[in-house]
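Q: Contents of coords.cif (mmCIF, C-alpha atoms) are given next:
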```
data_query
#
loop_
_atom_site.label_atom_id
_atom_site.label_comp_id
_atom_site.auth_asym_id
_atom_site.auth_seq_id
_atom_site.Cartn_x
_atom_site.Cartn_y
_atom_site.Cartn_z
CA MET A 440 -3.13 6.19 -15.59
CA PHE A 441 -2.89 3.66 -18.40
CA ALA A 442 -0.33 5.80 -20.22
CA TYR A 443 1.69 5.87 -16.99
CA LEU A 444 1.35 2.09 -16.56
CA ARG A 445 2.52 1.53 -20.12
CA ASN A 446 5.57 3.74 -19.63
CA HIS A 447 6.53 2.52 -16.16
CA ALA A 448 6.60 -1.22 -16.33
CA LYS A 449 8.56 -2.01 -13.16
CA SER A 450 6.11 -4.04 -11.17
CA LYS A 451 7.86 -6.93 -9.49
CA MET A 452 7.45 -7.28 -5.76
CA VAL A 453 9.96 -9.56 -4.05
CA PHE A 454 9.11 -11.61 -0.98
CA ASP A 455 12.43 -11.27 0.74
CA SER A 456 12.62 -13.32 3.94
CA ARG A 457 15.80 -11.72 5.26
CA SER A 458 15.74 -9.52 8.36
CA PRO A 459 14.53 -5.98 7.62
CA THR A 460 17.12 -3.70 6.05
CA PHE A 461 15.32 -0.45 6.92
CA SER A 462 17.10 2.46 8.61
CA VAL A 463 16.54 1.53 12.29
CA ARG A 464 15.83 -2.00 13.56
CA THR A 465 13.46 -2.73 16.45
CA ASN A 466 16.22 -4.00 18.74
CA GLU A 467 18.20 -0.76 18.26
CA LEU A 468 15.43 1.43 19.68
CA PRO A 469 15.24 2.47 23.34
CA ARG A 470 12.46 0.89 25.42
CA PRO A 471 10.98 3.60 27.66
CA ASP A 472 9.48 2.77 31.04
CA TRP A 473 5.70 3.20 30.85
CA SER A 474 4.90 1.74 34.26
CA ASP A 475 3.80 5.11 35.72
CA PHE A 476 1.03 5.33 33.12
CA TYR A 477 0.09 1.76 32.26
CA LYS A 478 1.07 -0.53 35.09
CA ASP A 479 1.63 -4.15 34.05
CA VAL A 480 -0.10 -3.68 30.68
CA LYS A 481 0.72 -6.56 28.34
CA GLU A 482 -0.26 -7.68 24.87
CA GLN A 483 -3.13 -10.15 25.10
CA VAL A 484 -2.20 -13.46 23.53
CA PRO A 485 -5.02 -16.03 23.24
CA HIS A 486 -4.45 -19.16 25.34
CA HIS A 487 -5.09 -21.55 22.43
CA VAL A 488 -2.38 -20.35 20.03
CA PRO A 489 -0.30 -23.17 18.55
CA GLU A 490 3.34 -23.64 19.54
CA PRO A 491 5.37 -21.23 17.35
CA ARG A 492 7.83 -22.91 15.00
CA GLY A 493 10.48 -21.74 12.55
CA GLN A 494 12.29 -18.47 12.15
CA ASP A 495 11.18 -15.39 14.13
CA VAL A 496 9.75 -12.64 11.95
CA GLU A 497 10.05 -8.91 12.44
CA LEU A 498 7.16 -6.58 11.54
CA THR A 499 7.68 -3.06 10.20
CA ALA A 500 5.03 -0.46 9.42
CA PHE A 501 5.37 2.84 7.57
CA VAL A 502 2.57 5.29 8.39
CA ASP A 503 1.71 8.68 6.99
CA SER A 504 -1.24 10.99 6.52
CA ASP A 505 -1.93 13.82 4.13
CA ASP A 506 -3.39 16.53 6.34
CA ALA A 507 -6.69 17.84 4.88
CA GLY A 508 -5.68 16.73 1.39
CA ASP A 509 -9.22 16.65 -0.02
CA THR A 510 -9.91 20.23 -1.12
CA VAL A 511 -13.70 19.86 -0.95
CA THR A 512 -14.27 18.03 2.34
CA ARG A 513 -10.85 18.66 3.95
CA ARG A 514 -10.63 15.04 4.99
CA SER A 515 -7.16 13.62 5.40
CA ARG A 516 -5.83 10.44 3.79
CA THR A 517 -4.19 7.55 5.62
CA GLY A 518 -1.30 5.66 4.02
CA ILE A 519 0.08 2.45 5.52
CA PHE A 520 2.69 -0.09 4.42
CA LEU A 521 3.17 -3.27 6.43
CA PHE A 522 6.17 -5.54 6.04
CA ILE A 523 6.96 -8.98 7.38
CA GLN A 524 10.75 -9.14 7.35
CA ASN A 525 11.60 -7.42 4.04
CA SER A 526 8.36 -8.47 2.30
CA PRO A 527 5.56 -5.98 1.67
CA ILE A 528 2.31 -7.54 2.91
CA VAL A 529 -0.23 -4.74 3.16
CA TRP A 530 -0.52 -1.44 1.26
CA PHE A 531 -3.42 0.80 2.21
CA SER A 532 -4.56 4.24 1.04
CA LYS A 533 -7.92 5.53 2.20
CA LYS A 534 -9.62 8.77 3.16
CA GLN A 535 -10.17 9.14 6.89
CA THR A 536 -13.73 9.06 8.21
CA SER A 537 -13.31 11.99 10.60
CA ILE A 538 -12.18 15.53 9.84
CA GLU A 539 -9.13 16.54 11.82
CA THR A 540 -8.20 20.13 12.49
CA SER A 541 -4.46 19.50 12.81
CA SER A 542 -1.76 17.32 11.27
CA PHE A 543 -1.22 15.95 14.78
CA GLY A 544 -4.83 14.69 14.77
CA SER A 545 -4.72 13.20 11.29
CA GLU A 546 -1.38 11.49 11.99
CA PHE A 547 -2.77 9.96 15.18
CA SER A 548 -5.89 8.82 13.35
CA ALA A 549 -3.66 7.12 10.74
CA MET A 550 -1.52 5.60 13.47
CA LYS A 551 -4.60 4.20 15.22
CA THR A 552 -5.71 2.50 11.99
CA ALA A 553 -2.22 1.08 11.50
CA VAL A 554 -2.00 -0.23 15.07
CA GLU A 555 -5.39 -1.95 14.65
CA MET A 556 -4.10 -3.58 11.47
CA VAL A 557 -0.91 -4.72 13.14
CA GLU A 558 -2.82 -6.20 16.06
CA GLY A 559 -4.87 -8.23 13.59
CA LEU A 560 -1.78 -9.34 11.70
CA ARG A 561 0.03 -10.39 14.89
CA TYR A 562 -3.01 -12.45 15.94
CA LYS A 563 -3.17 -14.09 12.50
CA LEU A 564 0.55 -14.92 12.48
CA ARG A 565 0.35 -16.38 15.99
CA MET A 566 -2.62 -18.52 14.99
CA MET A 567 -0.55 -19.86 12.08
CA GLY A 568 2.29 -20.70 14.48
CA VAL A 569 4.67 -18.00 13.21
CA PRO A 570 6.93 -16.65 15.97
CA ILE A 571 7.04 -12.82 16.19
CA ASP A 572 10.24 -11.08 17.16
CA GLY A 573 9.32 -8.16 19.47
CA PRO A 574 7.08 -5.19 18.83
CA CYS A 575 6.21 -3.94 15.36
CA ASN A 576 8.59 -1.17 14.31
CA PHE A 577 6.45 1.84 13.35
CA LYS A 578 7.96 4.57 11.22
CA ALA A 579 6.25 7.95 10.91
CA ASP A 580 7.40 11.38 9.76
CA ASN A 581 5.53 13.61 12.22
CA MET A 582 7.99 14.34 15.02
CA SER A 583 5.33 15.65 17.42
CA MET A 584 3.26 12.50 17.06
CA VAL A 585 6.31 10.22 17.37
CA ARG A 586 7.42 11.99 20.54
CA ASN A 587 3.96 11.89 22.12
CA SER A 588 3.52 8.19 21.52
CA SER A 589 7.02 7.01 22.34
CA VAL A 590 8.01 9.10 25.39
CA PRO A 591 6.12 8.77 28.69
CA ASP A 592 5.39 12.43 29.50
CA PRO A 593 2.70 13.46 32.04
CA GLU A 594 2.29 16.93 30.46
CA SER A 595 1.16 15.57 27.11
CA SER A 596 -1.58 13.20 28.20
CA GLN A 597 -4.33 15.86 28.17
CA LEU A 598 -6.13 16.28 24.87
CA LYS A 599 -9.29 18.29 24.39
CA LYS A 600 -10.76 16.65 21.30
CA LYS A 601 -12.28 13.26 22.08
CA SER A 602 -11.37 11.49 18.79
CA ASN A 603 -7.75 12.66 19.11
CA SER A 604 -7.67 11.65 22.73
CA ILE A 605 -8.94 8.13 22.00
CA ALA A 606 -6.44 7.58 19.17
CA TYR A 607 -3.68 9.02 21.34
CA HIS A 608 -4.33 6.78 24.36
CA TYR A 609 -4.94 3.72 22.19
CA VAL A 610 -1.58 4.08 20.45
CA ARG A 611 0.28 4.88 23.66
CA GLU A 612 -1.19 1.90 25.49
CA ARG A 613 -0.18 -0.46 22.66
CA ALA A 614 3.31 1.05 22.76
CA ALA A 615 3.43 0.41 26.52
CA ALA A 616 2.20 -3.17 25.99
CA GLY A 617 5.03 -3.89 23.56
CA VAL A 618 2.80 -4.35 20.51
CA VAL A 619 4.41 -1.45 18.68
CA ILE A 620 7.46 0.76 18.99
CA ILE A 621 7.34 4.11 17.25
CA ASN A 622 10.22 5.99 15.72
CA TYR A 623 10.88 8.82 13.32
CA GLU A 624 11.42 8.32 9.58
CA PRO A 625 12.15 11.38 7.40
CA THR A 626 9.58 12.18 4.71
CA GLY A 627 12.09 11.52 1.91
CA SER A 628 12.40 7.86 2.85
CA ASN A 629 8.95 7.26 4.33
CA ILE A 630 7.42 5.04 1.64
CA ALA A 631 3.91 5.56 3.06
CA ASP A 632 4.19 9.10 1.67
CA MET A 633 3.28 7.80 -1.78
CA LEU A 634 0.05 6.37 -0.39
CA THR A 635 -1.23 9.72 0.83
CA LYS A 636 -0.82 12.27 -1.97
CA THR A 637 -0.14 12.80 -5.64
CA GLN A 638 3.54 13.54 -6.18
CA PRO A 639 5.85 14.67 -8.99
CA GLY A 640 6.92 11.73 -11.15
CA ALA A 641 10.54 11.66 -9.96
CA VAL A 642 9.57 11.61 -6.26
CA ARG A 643 7.04 8.85 -6.80
CA LEU A 644 9.49 6.71 -8.75
CA SER A 645 12.27 7.11 -6.18
CA LEU A 646 9.92 5.84 -3.44
CA ALA A 647 8.43 3.07 -5.61
CA LYS A 648 11.95 1.84 -6.41
CA ILE A 649 12.38 0.85 -2.75
CA ILE A 650 9.66 -1.78 -3.21
CA LEU A 651 9.28 -2.51 -6.91
CA TYR A 652 11.91 -4.21 -9.06
CA MET B 1064 7.34 -31.47 1.84
CA ASN B 1065 7.87 -32.01 -1.88
CA PRO B 1066 4.62 -31.20 -3.72
CA LYS B 1067 5.76 -33.26 -6.74
CA SER B 1068 5.27 -36.55 -4.90
CA ILE B 1069 1.67 -35.56 -4.08
CA LEU B 1070 0.99 -34.55 -7.69
CA ASP B 1071 2.51 -37.85 -8.90
CA TYR B 1072 0.19 -39.72 -6.53
CA LEU B 1073 -2.83 -37.76 -7.80
CA ASP B 1074 -1.73 -38.38 -11.36
CA GLN B 1075 -2.08 -42.14 -10.82
CA ARG B 1076 -5.79 -41.72 -10.14
CA PHE B 1077 -6.75 -38.59 -12.08
CA LEU B 1078 -5.38 -37.52 -15.42
CA LEU B 1079 -3.39 -34.29 -15.02
CA LYS B 1080 -2.22 -32.13 -17.90
CA PRO B 1081 1.58 -32.41 -18.16
CA GLU B 1082 1.97 -28.62 -18.24
CA SER B 1083 -0.05 -28.26 -15.05
CA ARG B 1084 2.77 -29.85 -13.04
CA GLY B 1085 5.80 -27.71 -12.25
CA GLN B 1086 6.72 -24.35 -10.80
CA PRO B 1087 3.76 -21.94 -10.61
CA LYS B 1088 3.88 -19.17 -13.21
CA THR B 1089 0.60 -17.33 -12.72
CA TYR B 1090 -1.63 -16.83 -9.73
CA LEU B 1091 -4.85 -14.77 -9.93
CA GLY B 1092 -3.40 -12.77 -12.82
CA ALA B 1093 -0.03 -12.17 -11.14
CA ASP B 1094 3.25 -13.35 -12.66
CA ILE B 1095 4.94 -15.62 -10.13
CA ALA B 1096 8.65 -16.31 -10.54
CA HIS B 1097 11.93 -16.85 -8.77
CA PHE B 1098 13.94 -13.68 -8.28
CA ALA B 1099 17.69 -13.44 -7.75
CA HIS B 1100 18.47 -10.42 -5.59
CA PRO B 1101 21.08 -8.09 -7.17
CA TYR B 1102 23.18 -8.17 -3.97
CA GLU B 1103 22.82 -11.90 -3.42
CA PRO B 1104 22.76 -13.56 -6.86
CA ASP B 1105 23.02 -17.06 -5.36
CA VAL B 1106 19.85 -16.73 -3.28
CA TYR B 1107 16.39 -16.90 -4.85
CA TYR B 1108 13.20 -15.39 -3.51
CA TRP B 1109 9.65 -15.62 -4.80
CA SER B 1110 8.40 -12.56 -6.64
CA MET B 1111 4.97 -11.38 -7.76
CA GLY B 1112 4.54 -9.08 -10.76
CA SER B 1113 1.67 -7.55 -12.65
CA HIS B 1114 3.43 -7.06 -15.98
CA THR B 1115 1.27 -9.44 -18.05
CA TYR B 1116 -1.97 -8.24 -16.45
CA VAL B 1117 -1.13 -4.55 -16.91
CA LYS B 1118 0.10 -5.08 -20.48
CA GLU B 1119 -3.20 -6.73 -21.40
CA ALA B 1120 -5.22 -4.01 -19.63
CA VAL B 1121 -3.31 -1.29 -21.52
CA ARG B 1122 -3.86 -3.15 -24.79
CA ASN B 1123 -7.62 -3.31 -24.13
CA VAL B 1124 -7.78 0.40 -23.37
CA GLU B 1125 -5.75 1.23 -26.48
CA THR B 1126 -8.12 -0.84 -28.64
CA HIS B 1127 -11.12 0.91 -27.09
CA LEU B 1128 -9.57 4.35 -27.64
CA GLU B 1129 -8.62 3.53 -31.19
CA GLY B 1130 -12.31 3.10 -32.00
CA LEU B 1131 -12.90 6.63 -30.68
CA GLY B 1132 -10.02 8.12 -32.67
CA LEU B 1133 -7.92 8.59 -29.53
CA ALA B 1134 -4.59 7.27 -28.30
CA LEU B 1135 -2.61 7.11 -25.06
CA LYS B 1136 0.02 9.80 -24.59
CA LYS B 1137 3.56 8.70 -25.26
CA LYS B 1138 5.46 10.55 -22.52
CA VAL B 1139 3.83 10.64 -19.10
CA SER B 1140 5.66 11.02 -15.80
CA THR B 1141 2.78 11.26 -13.30
CA VAL B 1142 -0.12 8.90 -12.67
CA LEU B 1143 -2.77 11.62 -13.02
CA PRO B 1144 -2.32 14.81 -15.03
CA HIS B 1145 -0.35 17.42 -13.10
CA GLU B 1146 -2.42 19.52 -10.65
CA TYR B 1147 -5.61 17.57 -11.47
CA LYS B 1148 -7.92 17.17 -8.49
CA PRO B 1149 -10.82 14.77 -9.16
CA GLU B 1150 -12.90 16.21 -6.31
CA LEU B 1151 -12.93 19.64 -8.00
CA ASP B 1152 -14.18 18.27 -11.32
CA VAL B 1153 -17.58 19.80 -12.16
CA SER B 1154 -17.93 18.47 -15.71
CA LYS B 1155 -21.15 16.79 -16.89
CA GLU B 1156 -22.20 13.53 -15.24
CA CYS B 1157 -21.60 10.31 -17.21
CA ASN B 1158 -24.45 8.42 -18.85
CA GLU B 1159 -25.22 4.78 -17.97
CA GLU B 1160 -22.85 3.30 -20.53
CA GLU B 1161 -19.98 5.56 -19.45
CA VAL B 1162 -20.63 4.76 -15.79
CA SER B 1163 -20.41 1.05 -16.56
CA GLN B 1164 -17.16 1.62 -18.48
CA TYR B 1165 -15.79 3.64 -15.55
CA HIS B 1166 -16.64 0.84 -13.09
CA GLN B 1167 -14.87 -1.72 -15.27
CA THR B 1168 -11.78 0.45 -15.61
CA ILE B 1169 -11.59 1.19 -11.88
CA GLY B 1170 -11.97 -2.56 -11.20
CA VAL B 1171 -9.05 -3.35 -13.50
CA LEU B 1172 -6.89 -0.68 -11.86
CA GLN B 1173 -7.81 -1.84 -8.36
CA TRP B 1174 -6.75 -5.37 -9.25
CA ALA B 1175 -3.46 -4.04 -10.65
CA VAL B 1176 -2.89 -2.41 -7.24
CA GLU B 1177 -3.67 -5.71 -5.52
CA LEU B 1178 -1.09 -7.40 -7.72
CA GLY B 1179 1.56 -5.00 -6.49
CA ARG B 1180 1.28 -1.70 -8.38
CA VAL B 1181 1.65 0.31 -5.18
CA ASP B 1182 2.80 3.34 -7.17
CA ILE B 1183 -0.75 4.01 -8.44
CA CYS B 1184 -2.57 3.05 -5.22
CA THR B 1185 -3.35 6.62 -4.09
CA GLU B 1186 -4.64 7.82 -7.44
CA VAL B 1187 -6.80 4.72 -7.94
CA SER B 1188 -8.29 5.25 -4.49
CA MET B 1189 -8.91 8.93 -5.30
CA MET B 1190 -10.69 8.08 -8.55
CA ALA B 1191 -12.62 5.19 -7.00
CA ALA B 1192 -14.15 7.66 -4.52
CA HIS B 1193 -16.27 8.89 -7.48
CA TYR B 1194 -17.52 5.39 -8.26
CA ALA B 1195 -21.17 6.20 -7.52
CA MET B 1196 -21.37 9.25 -9.79
CA PRO B 1197 -18.40 9.69 -12.12
CA ARG B 1198 -18.18 12.77 -14.30
CA LYS B 1199 -17.06 12.98 -17.89
CA GLY B 1200 -13.88 14.79 -16.88
CA GLN B 1201 -12.89 11.94 -14.58
CA THR B 1202 -13.01 9.37 -17.36
CA GLY B 1203 -11.20 9.48 -20.70
CA ARG B 1204 -8.51 12.10 -20.65
CA ARG B 1205 -7.72 11.93 -16.92
CA LEU B 1206 -8.19 8.26 -16.25
CA ALA B 1207 -6.33 7.04 -19.29
CA HIS B 1208 -4.10 10.05 -20.13
CA VAL B 1209 -5.25 10.24 -23.73
CA CYS B 1210 -5.04 12.64 -26.64
CA LEU B 1211 -6.43 12.61 -30.16
CA SER B 1212 -4.63 9.97 -32.21
CA LYS B 1213 -3.78 12.58 -34.84
CA GLU B 1214 -1.92 14.71 -32.26
CA PRO B 1215 1.79 14.08 -31.79
CA CYS B 1216 1.12 12.96 -28.15
CA GLN B 1217 4.43 14.28 -26.84
CA VAL B 1218 3.16 16.89 -24.35
CA GLN B 1219 4.03 15.88 -20.80
CA ASP B 1220 1.06 15.57 -18.49
CA GLY B 1221 -1.02 18.32 -20.08
CA VAL B 1222 -4.72 17.59 -20.37
#
```
Show the structure stored in the file as structure tokens.

A:
Amino acid sequence: MFAYLRNHAKSKMVFDSRSPTFSVRTNELPRPDWSDFYKDVKEQVPHHVPEPRGQDVELTAFVDSDDAGDTVTRRSRTGIFLFIQNSPIVWFSKKQTSIETSSFGSEFSAMKTAVEMVEGLRYKLRMMGVPIDGPCNFKADNMSMVRNSSVPDPESSQLKKKSNSIAYHYVRERAAAGVVIINYEPTGSNIADMLTKTQPGAVRLSLAKIILY
Amino acid sequence: MNPKSILDYLDQRFLLKPESRGQPKTYLGADIAHFAHPYEPDVYYWSMGSHTYVKEAVRNVETHLEGLGLALKKKVSTVLPHEYKPELDVSKECNEEEVSQYHQTIGVLQWAVELGRVDICTEVSMMAAHYAMPRKGQTGRRLAHVCLSKEPCQVQDGV
């Protein structure tokens, strides 16, 4: 690791306050009607938050999981990047506590962790009087998971495994409440990919270049 | 609000070092500086870097290895040696002194990640999972990417 650090010195992170320049912006995404599933569900905002002042900020999250990446325990790894505007704020890489039998399960587990983090961040920003512009834009590379959590579909709301089912309904309810909005990001540009697995040097550097200067 | 006026006011009552007033340069080991974006050279943003911290950490490791007759490899493209899986390592367990050294090294690497080295975040987390009982194979050669100082050190990523 130290030999790598010596040879790859690019390490500057820039706190860019411009609007996000990622592939799809929050206001470009369709807002599905969730009222058949979660009638009148809304994000809970504490009554004592200060009056927001200044420029609205947009939140973006990149989420990924490495399905059963640990060869001994077969636990998956969660990778999360959180941005406020164009500034990286949180980077997180940790093994999951449960063992999932499918990539769908491990992706949902990662998404649940990310949504919990975003809820905390939104609360913190509100308490500091920072206005938040719409839901957090979630980007994930598992099409099945993205579809299940962004499209109201009565056929897909039955899950047999309890932990999957909890993560699934938790994420969907937050999507319905306007806390998050989930869309697809290809693996090649999903920067959370580098927080889930070891990669060839060229792949790692191309992803790191998006954030480090 | 201009922080200079507050510092000037404090300076009237308490003696401040002249070099302590001005733009911040370091914060908790991170290099803090203005950054001109390549696409917008007129606009400045704040940036945080770990260059000084990492350089010093590498220097410390190199000094330590030198005493053991080892050196860091010259050409390395991946964070950990290719195909190395720390969870499959069954080498001998470290003794107390080696465990302590491992803890220190992991601490340094974790702080480098905090300061913005997101490119090593996964590997540091993978190695830190063996914090309680590191093995000899997980230290030295893998953690630092080292070879004997007499070797040419040109092999890419081999252990």

Q: Return as a PyMOL selection string the set of residues that the PyMOL selection byres ((chain A) within 8 of (chain B)) yields on the displayed structure.

A: chain A and resi 440-446+448-456+509-511+530-533+633-641+643-644+647

Q: Kindly give the distance, in Å, that separates CA of Ala579 (chain A) and CA of Glu467 (chain A), rounded to a single decimal.

A: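 About the pair CA of Ala579 (chain A) and CA of Glu467 (chain A): they are 16.5 Å apart.
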
Q: Separation of CA of Asp495 (chain A) and CA of Lys551 (chain A), in Å?

A: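 Going from CA of Asp495 (chain A) over to CA of Lys551 (chain A) covers 25.2 Å.
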
Q: Name all residues at most 12 Å from region 564-569 of chain A (count all atoms listed in the file; drop same-chain ones fewer than 6 positions away) and give them as a PyMOL selection string.

A: chain A and resi 483-498+523+557-558

Q: Counting all atoms listed in the file, which residues sit no farther than 10 Å from the position (-23.4, 15.7, -13.3) in the file's frame? I'd like them as a PyMOL selection string.

A: chain B and resi 1152-1158+1196-1199

Q: Can you report as JSON the centre and edge lengths in Å, to one decimal, of an axis-aligned box around the listed atoms of region 1155-1161 of chain B padded with 5 Å on each side?

A:
```
{"center_x": -22.6, "center_y": 10.0, "center_z": -17.9, "size_x": 15.2, "size_y": 23.5, "size_z": 15.3}
```

Q: One decimal, in Å: what's the spacing between CA of Phe543 (chain A) and CA of Thr517 (chain A)?

A: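 One can read the CA of Phe543 (chain A) to CA of Thr517 (chain A) distance as 12.8 Å.
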
Q: Nearest to Asp506 (chain A) among A:Gln535, A:Asn525, A:Thr460, A:Ser545, with distances taken over all atoms listed in the file: which residue is it?

A: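 Of A:Gln535, A:Asn525, A:Thr460, A:Ser545, the one nearest Asp506 (chain A), counting all atoms listed in the file, is A:Ser545.
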
Q: Taking (5.4, 0.5, 20.3) in the file's own coordinates, collect the residues within 10 Å, counting all atoms listed in the file, and hand them back as a list in words.

A: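 Protein, DNA and RNA residues close to (5.4, 0.5, 20.3): Thr465, Arg470, Pro471, Val554, Gly573, Pro574, Cys575, Asn576, Phe577, Ser588, Ser589, Val610, Arg611, Glu612, Arg613, Ala614, Ala615, Ala616, Gly617, Val618, Val619, Ile620, Ile621 and Asn622 of chain A.
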